[in-house]
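Coordinates from final.txt are shown below (compact mmCIF, C-alpha atoms and all ligand atoms).
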# COMPACT_ATOMS: atom_id res chain seq x y z
CA MET A 1 37.80 -7.98 102.30
CA ASP A 2 37.08 -4.68 104.04
CA LEU A 3 38.55 -3.85 107.43
CA SER A 4 35.30 -3.79 109.37
CA TYR A 5 34.33 -7.21 107.99
CA ILE A 6 37.62 -8.67 109.21
CA LEU A 7 37.41 -7.03 112.64
CA ASN A 8 33.67 -7.63 113.21
CA HIS A 9 32.80 -10.86 111.42
CA LEU A 10 35.57 -12.94 109.85
CA GLY A 11 35.97 -16.33 111.52
CA GLU A 12 32.99 -15.89 113.82
CA GLU A 13 30.41 -18.64 113.34
CA ARG A 14 27.72 -17.13 115.53
CA ALA A 15 24.99 -19.55 114.47
CA ARG A 16 26.97 -22.36 116.15
CA TYR A 17 26.76 -20.52 119.49
CA ASP A 18 23.05 -19.60 119.67
CA GLY A 19 23.78 -16.31 117.90
CA ALA A 20 26.15 -15.11 120.63
CA VAL A 21 27.65 -11.85 119.38
CA ALA A 22 30.83 -12.10 121.45
CA PRO A 23 33.04 -15.03 120.43
CA PRO A 24 33.15 -18.14 122.63
CA LEU A 25 36.06 -18.48 125.05
CA VAL A 26 36.93 -22.16 124.68
CA GLN A 27 38.90 -22.61 127.89
CA SER A 28 39.76 -26.25 127.26
CA SER A 29 43.18 -27.85 127.02
CA ILE A 30 41.96 -30.96 125.21
CA PHE A 31 39.38 -31.97 122.60
CA ALA A 32 37.74 -35.39 122.78
CA PHE A 33 37.06 -37.74 119.86
CA PRO A 34 33.92 -39.87 119.46
CA THR A 35 35.77 -42.85 117.93
CA VAL A 36 39.26 -44.29 117.57
CA ALA A 37 39.04 -43.61 113.83
CA ALA A 38 38.35 -39.92 114.47
CA MET A 39 41.26 -39.75 116.92
CA ARG A 40 43.59 -41.38 114.38
CA GLU A 41 42.45 -38.75 111.88
CA GLY A 42 43.09 -35.97 114.44
CA PHE A 43 46.70 -37.09 114.87
CA ARG A 44 47.23 -37.21 111.12
CA ASP A 45 47.31 -33.41 110.77
CA GLU A 46 47.72 -31.63 114.06
CA TYR A 47 48.24 -28.31 112.25
CA ALA A 48 44.61 -28.39 111.11
CA GLU A 49 42.86 -30.47 113.79
CA HIS A 50 41.62 -29.64 117.28
CA LEU A 51 43.40 -32.07 119.57
CA TYR A 52 45.36 -30.16 122.18
CA THR A 53 45.40 -26.41 122.87
CA ARG A 54 49.21 -26.16 122.60
CA GLY A 55 48.56 -26.73 118.90
CA ASN A 56 45.05 -25.50 118.12
CA ASN A 57 42.15 -23.89 119.97
CA PRO A 58 38.89 -22.55 118.50
CA THR A 59 39.15 -19.13 120.20
CA VAL A 60 42.77 -18.72 119.13
CA ALA A 61 41.76 -19.86 115.63
CA ILE A 62 39.34 -16.93 115.23
CA LEU A 63 42.15 -14.53 116.10
CA ARG A 64 44.56 -16.27 113.71
CA ARG A 65 42.13 -15.92 110.80
CA LYS A 66 41.62 -12.22 111.46
CA ILE A 67 45.32 -11.39 111.76
CA ALA A 68 46.15 -13.43 108.64
CA ALA A 69 43.49 -11.49 106.72
CA LEU A 70 44.81 -8.16 108.04
CA GLU A 71 48.33 -9.05 106.86
CA GLY A 72 47.15 -10.50 103.55
CA ALA A 73 48.79 -13.79 104.54
CA GLU A 74 47.64 -17.37 104.01
CA ASP A 75 47.84 -18.12 107.71
CA CYS A 76 48.99 -16.93 111.11
CA LEU A 77 50.25 -18.57 114.30
CA ALA A 78 49.59 -16.95 117.68
CA PHE A 79 52.19 -16.92 120.48
CA GLY A 80 52.36 -15.98 124.13
CA SER A 81 54.59 -12.99 123.29
CA GLY A 82 56.05 -11.07 120.38
CA ALA A 83 59.51 -12.31 121.36
CA ALA A 84 58.26 -15.91 121.03
CA ALA A 85 56.82 -15.17 117.57
CA VAL A 86 60.09 -13.65 116.30
CA ALA A 87 62.16 -16.47 117.84
CA ALA A 88 59.96 -19.18 116.32
CA GLY A 89 60.14 -17.59 112.88
CA VAL A 90 63.91 -17.24 113.04
CA VAL A 91 64.59 -20.70 114.50
CA ALA A 92 62.47 -22.34 111.79
CA CYS A 93 64.68 -20.77 109.11
CA VAL A 94 68.17 -21.60 110.41
CA LYS A 95 70.38 -24.54 111.34
CA ALA A 96 73.97 -24.81 112.64
CA GLY A 97 76.38 -23.24 110.18
CA ASP A 98 73.83 -20.86 108.69
CA HIS A 99 74.24 -17.09 108.54
CA VAL A 100 71.64 -14.38 109.18
CA VAL A 101 71.68 -10.73 108.10
CA CYS A 102 69.75 -8.47 110.48
CA VAL A 103 69.11 -4.73 110.72
CA ALA A 104 71.52 -2.90 113.01
CA LYS A 105 69.01 -1.86 115.66
CA PRO A 106 66.31 -4.47 116.06
CA TYR A 107 64.21 -4.90 119.19
CA SER A 108 66.64 -5.73 122.03
CA TRP A 109 65.51 -9.36 122.49
CA THR A 110 65.67 -9.97 118.73
CA ARG A 111 69.28 -8.83 118.90
CA GLY A 112 69.83 -11.10 121.93
CA LEU A 113 68.28 -14.07 120.12
CA LEU A 114 70.64 -13.68 117.16
CA ARG A 115 73.81 -12.36 118.79
CA ASP A 116 73.82 -14.46 121.96
CA LEU A 117 71.39 -17.38 121.95
CA LEU A 118 71.67 -18.64 118.36
CA ALA A 119 75.41 -17.99 118.31
CA LYS A 120 75.65 -20.79 120.90
CA PHE A 121 74.14 -23.15 118.32
CA GLY A 122 76.46 -22.21 115.47
CA VAL A 123 74.29 -19.62 113.73
CA THR A 124 76.15 -16.37 112.98
CA THR A 125 74.61 -12.96 112.33
CA THR A 126 75.82 -9.81 110.60
CA PHE A 127 74.04 -6.61 111.64
CA VAL A 128 73.82 -3.98 108.89
CA ASP A 129 72.52 -0.44 108.50
CA GLY A 130 69.20 -1.25 106.85
CA THR A 131 68.53 2.24 105.50
CA ASP A 132 70.46 1.26 102.34
CA ALA A 133 69.28 -2.00 100.72
CA ALA A 134 72.74 -2.47 99.17
CA ASN A 135 74.11 -3.22 102.66
CA PHE A 136 72.08 -6.44 102.75
CA GLU A 137 73.45 -7.49 99.39
CA ALA A 138 77.01 -6.84 100.60
CA ALA A 139 76.54 -8.81 103.83
CA ILE A 140 75.08 -11.94 102.24
CA THR A 141 77.36 -15.00 102.19
CA PRO A 142 76.82 -18.44 100.64
CA ALA A 143 75.65 -19.55 104.13
CA THR A 144 72.95 -16.86 104.47
CA THR A 145 69.46 -18.35 104.84
CA LEU A 146 67.55 -15.50 106.48
CA ILE A 147 67.28 -11.70 106.53
CA VAL A 148 65.63 -10.17 109.62
CA LEU A 149 64.00 -6.75 109.23
CA GLU A 150 62.19 -4.34 111.50
CA SER A 151 60.68 -1.35 109.76
CA PRO A 152 60.28 1.14 111.32
CA ASN A 153 62.15 0.06 114.43
CA SER A 154 60.76 1.01 117.80
CA MET A 155 63.18 3.65 119.09
CA THR A 156 64.68 5.76 116.33
CA TYR A 157 62.45 4.46 113.51
CA GLU A 158 64.94 3.56 110.79
CA GLN A 159 63.22 1.87 107.86
CA GLN A 160 64.16 -0.59 105.16
CA ASP A 161 62.92 -0.53 101.58
CA LEU A 162 61.02 -3.80 102.03
CA ALA A 163 60.37 -4.50 98.34
CA ALA A 164 64.03 -3.93 97.47
CA VAL A 165 65.33 -6.19 100.27
CA ALA A 166 62.74 -8.87 99.46
CA ALA A 167 63.84 -8.86 95.81
CA ILE A 168 67.52 -9.24 96.81
CA ALA A 169 66.62 -12.17 99.09
CA ARG A 170 64.31 -13.93 96.60
CA ARG A 171 66.95 -13.93 93.87
CA ARG A 172 69.16 -16.00 96.19
CA GLY A 173 66.52 -18.21 97.82
CA ILE A 174 67.01 -16.44 101.17
CA ARG A 175 63.99 -16.06 103.43
CA THR A 176 62.92 -12.75 104.95
CA LEU A 177 61.21 -11.98 108.25
CA CYS A 178 59.91 -8.50 109.08
CA ASP A 179 58.81 -7.26 112.50
CA ASN A 180 55.78 -5.11 111.60
CA SER A 181 54.74 -4.18 115.16
CA HIS A 182 55.30 -0.45 114.72
CA ALA A 183 53.40 0.06 111.47
CA THR A 184 50.55 -2.41 112.15
CA PRO A 185 48.99 -4.29 109.21
CA LEU A 186 46.86 -1.20 108.57
CA ASN A 187 49.83 0.98 107.67
CA GLN A 188 52.21 -1.53 106.04
CA SER A 189 51.78 -4.86 104.24
CA PRO A 190 55.18 -6.59 104.07
CA ILE A 191 53.76 -9.79 102.50
CA ALA A 192 52.48 -7.79 99.52
CA LEU A 193 56.02 -6.40 99.13
CA GLY A 194 57.53 -9.92 98.94
CA ILE A 195 58.46 -10.58 102.59
CA ASP A 196 58.03 -14.25 103.67
CA LEU A 197 57.26 -13.96 107.39
CA VAL A 198 55.69 -11.06 109.29
CA ALA A 199 55.92 -10.93 113.08
CA HIS A 200 54.17 -8.67 115.56
CA SER A 201 54.33 -7.96 119.20
CA ALA A 202 50.53 -8.08 119.47
CA THR A 203 51.07 -6.67 122.97
CA LYS A 204 51.31 -3.29 121.24
CA TYR A 205 48.74 -1.90 118.79
CA LEU A 206 46.98 -5.13 117.79
CA ASN A 207 45.68 -5.68 121.33
CA GLY A 208 46.02 -2.03 122.26
CA HIS A 209 44.81 -2.16 125.85
CA SER A 210 47.97 -2.94 127.86
CA ASP A 211 46.39 -6.06 129.35
CA VAL A 212 47.83 -8.90 127.22
CA VAL A 213 51.32 -10.00 126.17
CA ALA A 214 51.01 -11.76 122.80
CA GLY A 215 52.68 -12.28 119.45
CA VAL A 216 51.73 -13.37 115.95
CA LEU A 217 53.62 -14.73 112.96
CA CYS A 218 52.10 -14.59 109.46
CA GLY A 219 53.15 -16.22 106.21
CA SER A 220 52.37 -18.95 103.71
CA GLU A 221 50.74 -22.09 105.05
CA ALA A 222 53.73 -24.16 103.89
CA LEU A 223 56.18 -22.02 105.85
CA LEU A 224 53.95 -21.83 108.93
CA ARG A 225 53.60 -25.63 108.88
CA GLU A 226 57.40 -25.77 109.23
CA VAL A 227 57.22 -23.32 112.13
CA PHE A 228 54.38 -25.34 113.69
CA LYS A 229 56.19 -28.68 113.51
CA GLY A 230 59.40 -27.11 114.79
CA PRO A 231 59.60 -24.29 117.34
CA TYR A 232 55.86 -23.72 117.78
CA MET A 233 54.99 -27.16 119.12
CA THR A 234 58.43 -27.81 120.61
CA PHE A 235 58.82 -24.62 122.64
CA GLY A 236 55.08 -24.48 123.34
CA ALA A 237 54.99 -20.69 123.65
CA MET A 238 51.36 -20.53 122.47
CA LEU A 239 48.77 -17.87 123.21
CA SER A 240 46.26 -18.84 125.89
CA PRO A 241 42.60 -18.94 124.80
CA HIS A 242 41.75 -16.31 127.40
CA ASP A 243 44.39 -13.91 126.08
CA ALA A 244 43.20 -14.62 122.52
CA TRP A 245 39.68 -13.72 123.63
CA LEU A 246 40.88 -10.45 125.15
CA MET A 247 42.79 -9.75 121.95
CA LEU A 248 39.67 -10.32 119.83
CA ARG A 249 38.03 -7.64 121.92
CA GLY A 250 40.99 -5.28 121.63
CA LEU A 251 41.16 -5.84 117.89
CA ARG A 252 37.56 -4.66 117.33
CA THR A 253 38.69 -1.05 117.59
CA LEU A 254 42.04 -1.33 115.78
CA GLY A 255 40.84 0.84 112.88
CA VAL A 256 39.42 3.69 114.96
CA ARG A 257 42.30 3.57 117.42
CA MET A 258 44.94 3.86 114.70
CA GLU A 259 43.01 6.64 112.95
CA ARG A 260 42.73 8.65 116.16
CA ILE A 261 46.34 7.98 117.13
CA ALA A 262 47.56 9.13 113.70
CA ALA A 263 45.59 12.38 113.92
CA THR A 264 46.75 13.16 117.47
CA THR A 265 50.35 12.26 116.67
CA ARG A 266 50.32 14.73 113.77
CA GLU A 267 49.31 17.51 116.19
CA VAL A 268 51.81 16.48 118.88
CA LEU A 269 54.58 16.28 116.23
CA ALA A 270 53.80 19.78 114.98
CA PHE A 271 53.98 21.09 118.56
CA LEU A 272 57.23 19.32 119.41
CA GLU A 273 58.98 20.20 116.14
CA THR A 274 58.61 23.93 116.82
CA HIS A 275 59.31 23.90 120.57
CA PRO A 276 62.62 25.62 121.43
CA ARG A 277 63.50 23.11 124.18
CA VAL A 278 63.19 20.09 121.86
CA ARG A 279 66.43 19.56 119.95
CA HIS A 280 65.34 16.77 117.68
CA VAL A 281 62.19 14.80 116.97
CA HIS A 282 62.46 11.20 115.73
CA ALA A 283 59.38 9.80 114.00
CA PRO A 284 58.79 8.26 110.59
CA HIS A 285 56.78 11.33 109.59
CA ALA A 286 58.94 13.95 111.33
CA SER A 287 59.94 16.67 108.88
CA ALA A 288 63.65 16.19 109.74
CA ASN A 289 63.59 12.44 109.03
CA PRO A 290 66.04 11.75 106.17
CA GLN A 291 63.79 8.78 105.25
CA LEU A 292 60.62 10.89 105.02
CA GLY A 293 60.23 9.96 101.35
CA LEU A 294 60.26 6.25 102.21
CA SER A 295 57.78 6.87 105.05
CA GLU A 296 55.40 8.47 102.60
CA ARG A 297 55.85 5.74 100.02
CA GLN A 298 55.88 2.67 102.26
CA LEU A 299 53.61 3.61 105.18
CA LYS A 300 49.93 4.27 104.62
CA GLY A 301 49.72 6.30 107.83
CA ALA A 302 51.41 7.26 111.08
CA SER A 303 51.58 5.35 114.34
CA GLY A 304 51.92 7.01 117.74
CA LEU A 305 55.63 6.60 118.48
CA VAL A 306 57.68 9.78 118.76
CA THR A 307 61.13 10.02 120.35
CA ILE A 308 62.30 13.45 121.42
CA GLU A 309 65.77 14.68 122.24
CA LEU A 310 65.36 17.30 124.92
CA ASP A 311 67.45 20.44 125.18
CA ALA A 312 68.59 19.33 128.63
CA VAL A 313 71.89 20.23 130.30
CA ASP A 314 71.99 17.03 132.36
CA VAL A 315 70.08 13.89 133.28
CA ALA A 316 68.48 15.73 136.20
CA ALA A 317 66.71 18.00 133.72
CA VAL A 318 65.42 14.96 131.80
CA GLU A 319 64.16 13.59 135.10
CA ARG A 320 62.41 16.89 135.92
CA PHE A 321 60.65 16.75 132.55
CA CYS A 322 59.57 13.12 132.92
CA ASP A 323 58.61 13.38 136.58
CA GLY A 324 56.55 16.45 135.68
CA LEU A 325 54.39 14.67 133.08
CA GLU A 326 50.88 14.16 134.42
CA ARG A 327 49.07 12.54 131.49
CA PHE A 328 51.85 10.27 130.22
CA LEU A 329 52.43 7.14 132.29
CA MET A 330 56.14 6.44 132.68
CA THR A 331 56.88 2.87 131.64
CA VAL A 332 58.18 0.54 128.94
CA SER A 333 56.23 -0.80 125.97
CA TRP A 334 53.82 1.19 123.79
CA GLY A 335 50.76 0.90 121.58
CA GLY A 336 48.00 1.07 124.20
CA TYR A 337 45.04 3.39 124.64
CA GLU A 338 47.02 5.48 127.12
CA SER A 339 49.95 7.78 126.43
CA LEU A 340 53.34 6.69 127.75
CA ALA A 341 56.80 8.13 128.26
CA PHE A 342 59.98 6.05 128.38
CA PRO A 343 63.11 8.01 129.40
CA VAL A 344 65.34 5.33 127.95
CA CYS A 345 68.72 7.01 128.40
CA ALA A 346 67.97 8.41 131.83
CA VAL A 347 67.05 4.90 132.97
CA PHE A 348 70.07 3.24 131.30
CA PRO A 349 72.74 5.97 131.42
CA SER A 350 75.67 3.55 131.26
CA ASP A 351 74.18 0.74 129.21
CA ALA A 352 73.87 2.80 126.05
CA PRO A 353 71.29 0.99 123.96
CA LEU A 354 70.82 4.32 122.29
CA ARG A 355 74.51 4.84 121.69
CA ALA A 356 74.28 1.62 119.74
CA ALA A 357 71.33 3.29 118.07
CA GLY A 358 73.58 6.04 116.80
CA THR A 359 73.14 8.82 119.33
CA SER A 360 75.12 9.75 122.41
CA SER A 361 72.36 11.83 123.90
CA LEU A 362 71.13 11.12 127.40
CA ALA A 363 68.11 13.29 126.71
CA LEU A 364 66.04 10.93 124.59
CA VAL A 365 62.50 10.20 125.73
CA ARG A 366 60.19 7.94 123.74
CA LEU A 367 56.53 8.91 123.75
CA SER A 368 53.68 6.60 122.79
CA ILE A 369 50.64 8.66 121.90
CA GLY A 370 47.32 7.24 123.07
CA LEU A 371 43.68 8.15 122.72
CA GLU A 372 43.56 11.27 124.91
CA GLU A 373 42.49 14.64 123.51
CA PRO A 374 45.41 16.18 121.58
CA ALA A 375 45.13 19.47 123.47
CA VAL A 376 45.45 17.67 126.82
CA LEU A 377 48.65 15.92 125.74
CA ILE A 378 50.15 19.08 124.24
CA ALA A 379 49.37 21.10 127.38
CA ASP A 380 50.98 18.41 129.51
CA LEU A 381 54.13 18.35 127.36
CA GLU A 382 54.26 22.15 127.45
CA GLN A 383 54.18 22.37 131.26
CA ALA A 384 56.74 19.54 131.59
CA LEU A 385 59.08 21.18 129.06
CA ALA A 386 58.94 24.34 131.17
CA ARG A 387 60.64 22.37 133.97
CA LEU A 388 63.75 21.51 131.94
C1 LIG B 401 57.75 -5.23 122.25
C2 LIG B 401 58.39 -5.64 120.98
C3 LIG B 401 58.71 -6.98 120.70
C4 LIG B 401 58.54 -8.07 121.72
O1 LIG B 401 57.21 -8.29 121.97
P1 LIG B 401 56.67 -8.89 123.38
O2 LIG B 401 55.22 -8.99 123.12
O3 LIG B 401 57.05 -7.89 124.42
O4 LIG B 401 57.36 -10.18 123.58
C5 LIG B 401 59.21 -7.29 119.45
N1 LIG B 401 59.42 -6.34 118.53
C6 LIG B 401 59.15 -5.04 118.77
C7 LIG B 401 59.40 -4.04 117.70
C8 LIG B 401 58.64 -4.64 120.01
O5 LIG B 401 58.41 -3.36 120.25

I need this file expressed as structure tokens, please.
Ligand SMILES: *Cc1c(COP(=O)(O)O)cnc(C)c1O
Amino acid sequence: MDLSYILNHLGEERARYDGAVAPPLVQSSIFAFPTVAAMREGFRDEYAEHLYTRGNNPTVAILRRKIAALEGAEDCLAFGSGAAAVAAGVVACVKAGDHVVCVAKPYSWTRGLLRDLLAKFGVTTTFVDGTDAANFEAAITPATTLIVLESPNSMTYEQQDLAAVAAIARRRGIRTLCDNSHATPLNQSPIALGIDLVAHSATKYLNGHSDVVAGVLCGSEALLREVFKGPYMTFGAMLSPHDAWLMLRGLRTLGVRMERIAATTREVLAFLETHPRVRHVHAPHASANPQLGLSERQLKGASGLVTIELDAVDVAAVERFCDGLERFLMTVSWGGYESLAFPVCAVFPSDAPLRAAGTSSLALVRLSIGLEEPAVLIADLEQALARL
């Protein structure tokens, strides 16, 4: 199935809606049955039937089909946030007494889920440096039921060899979940490499317009049925039909957005890597990345995340740089049409999420490259760097 077919046509039964080109927004919480027999049938398999929008909704269903096709998965569940998608996938795979192995620097709320929340329910987690697949093998215990991956991660972009970790897990009957938000399904296909569950913060590139918080979880139908019967229906953190409709619109341009972002990021990277006031550039395709070989093998293309370590004498200099940016909006998150800057260490000087991430620098700023002209972004970075 080609990309434009998935984005433009898959799942859209236009003849049912008078040929409407835009998909219907079915803003209904419930679906009525003509007979008792039909209602009985509806209750028999809530995973497949339209009964109640916490379980199924026609607008959300179009989105689920498209994302599943993008990931090469049998099916997909849609959630009200990426955090909900990751949590549902993890919770479905563990019970009290089980053990999880997770990469050392996952998204902060994934770490919180495993280290704090699930620990209260008797699930323990070992965090390992995922850049060497042997570390997963060493951390596995007889109680391990799940390995949680995030490749590349969203701050310093460490990667895991997904095929190697999947093979280690499969030999032992351990399930694997990979957060694929950074790469997008266009640049990385974890299911094809043997990963069981793929999660996304669809808030980022999949929606791409900074107007929806959403998440998706892809996998086999059998596994997603477990997720559906467990955390999906129980926690009820589903995606609203309206947000699914907005996401269908955002998704139309996923291909062209990612192409443009990759091209601009290449130019911005080349500028930053040679600038004397930039000490280090973190990105999967940065020339100094020790995992550059894996980036080239495992990623089909670049995304727009670049973290720079400024040659700054103090936090005030970092602030001068960030405050001086005119075309980068200063905020959290990433993956939208607009370029962003997140001065993570200047905002959290004592917290040290980045110290946990293996650097003591207060001068790290994460950039998310958007759809602006490359020359505009480079000129803006140049004038802001002059303020250091
Ligand atoms: C943002 C993010 C999440 C959480 O997604 P939300 O949509 O904000 O709940 C999970 N993983 C990664 C890598 C993220 O960047």

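Among the candidates A:Glu74, A:Asp211, A:Glu221, A:Glu273, the residue lying nearest to Ala192 of chain A is A:Glu74 (atoms considered: all atoms listed in the file).
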
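Nearest to ligand LIG 401 (chain B) of all the residues A:Gly122, A:Pro24, A:Gly89, A:Pro106 is A:Pro106, counting only C-alpha atoms and all ligand atoms.
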
Show me which residues line ligand LIG 401 (chain B), defined as having an atom within 7 Å of a ligand atom where only C-alpha atoms and all ligand atoms count, and present them as a CSV table (one decimal) with C-alpha atoms, in the coordinates of the input.
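After the write, result_30.csv holds the following:
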chain,number,residue,atom,x,y,z
A,81,SER,CA,54.6,-13.0,123.3
A,82,GLY,CA,56.0,-11.1,120.4
A,83,ALA,CA,59.5,-12.3,121.4
A,84,ALA,CA,58.3,-15.9,121.0
A,107,TYR,CA,64.2,-4.9,119.2
A,150,GLU,CA,62.2,-4.3,111.5
A,153,ASN,CA,62.2,0.1,114.4
A,154,SER,CA,60.8,1.0,117.8
A,179,ASP,CA,58.8,-7.3,112.5
A,181,SER,CA,54.7,-4.2,115.2
A,182,HIS,CA,55.3,-0.4,114.7
A,200,HIS,CA,54.2,-8.7,115.6
A,201,SER,CA,54.3,-8.0,119.2
A,202,ALA,CA,50.5,-8.1,119.5
A,203,THR,CA,51.1,-6.7,123.0
A,204,LYS,CA,51.3,-3.3,121.2
A,213,VAL,CA,51.3,-10.0,126.2
A,214,ALA,CA,51.0,-11.8,122.8
A,215,GLY,CA,52.7,-12.3,119.4
A,333,SER,CA,56.2,-0.8,126.0

In file coordinates, which residues lie within 12 Å of (37.3, -8.7, 102.7) using only C-alpha atoms, given as a ChimeraX atom specification? /A:1-11,65-66,68-72

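Note that atom CA of Asn56 of chain A and atom CA of Thr145 of chain A are 28.7 Å apart.
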
At a cut-off of 8 Å, using all atoms listed in the file, what residues contact Ser303 of chain A? Leave out same-chain residues fewer than 2 positions from it and give the result as a PyMOL selection string. chain A and resi 182-183+258+261-262+265+301+305

Neighbours of Phe271 of chain A within 12 Å (all atoms listed in the file; same-chain residues fewer than 2 positions away dropped), as a list in words? Thr264, Thr265, Arg266, Glu267, Val268, Leu269, Glu273, Thr274, His275, Pro276, Arg277, Val278, Val281, Ala286, Val306, Ile308, Pro374, Ala375, Leu377, Ile378, Ala379, Asp380, Leu381, Glu382 and Leu385 of chain A

Leaving out Cys218 of chain A and any residue of its chain fewer than 5 positions from it, which residues lie within 9 Å of it when counting all atoms listed in the file, given as number ranges by chain? A: 64, 67-68, 71-78, 191, 196-200, 224

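Atom CA of Leu63 of chain A to atom CA of Arg249 of chain A spans 9.9 Å [interatomic distance, one decimal].
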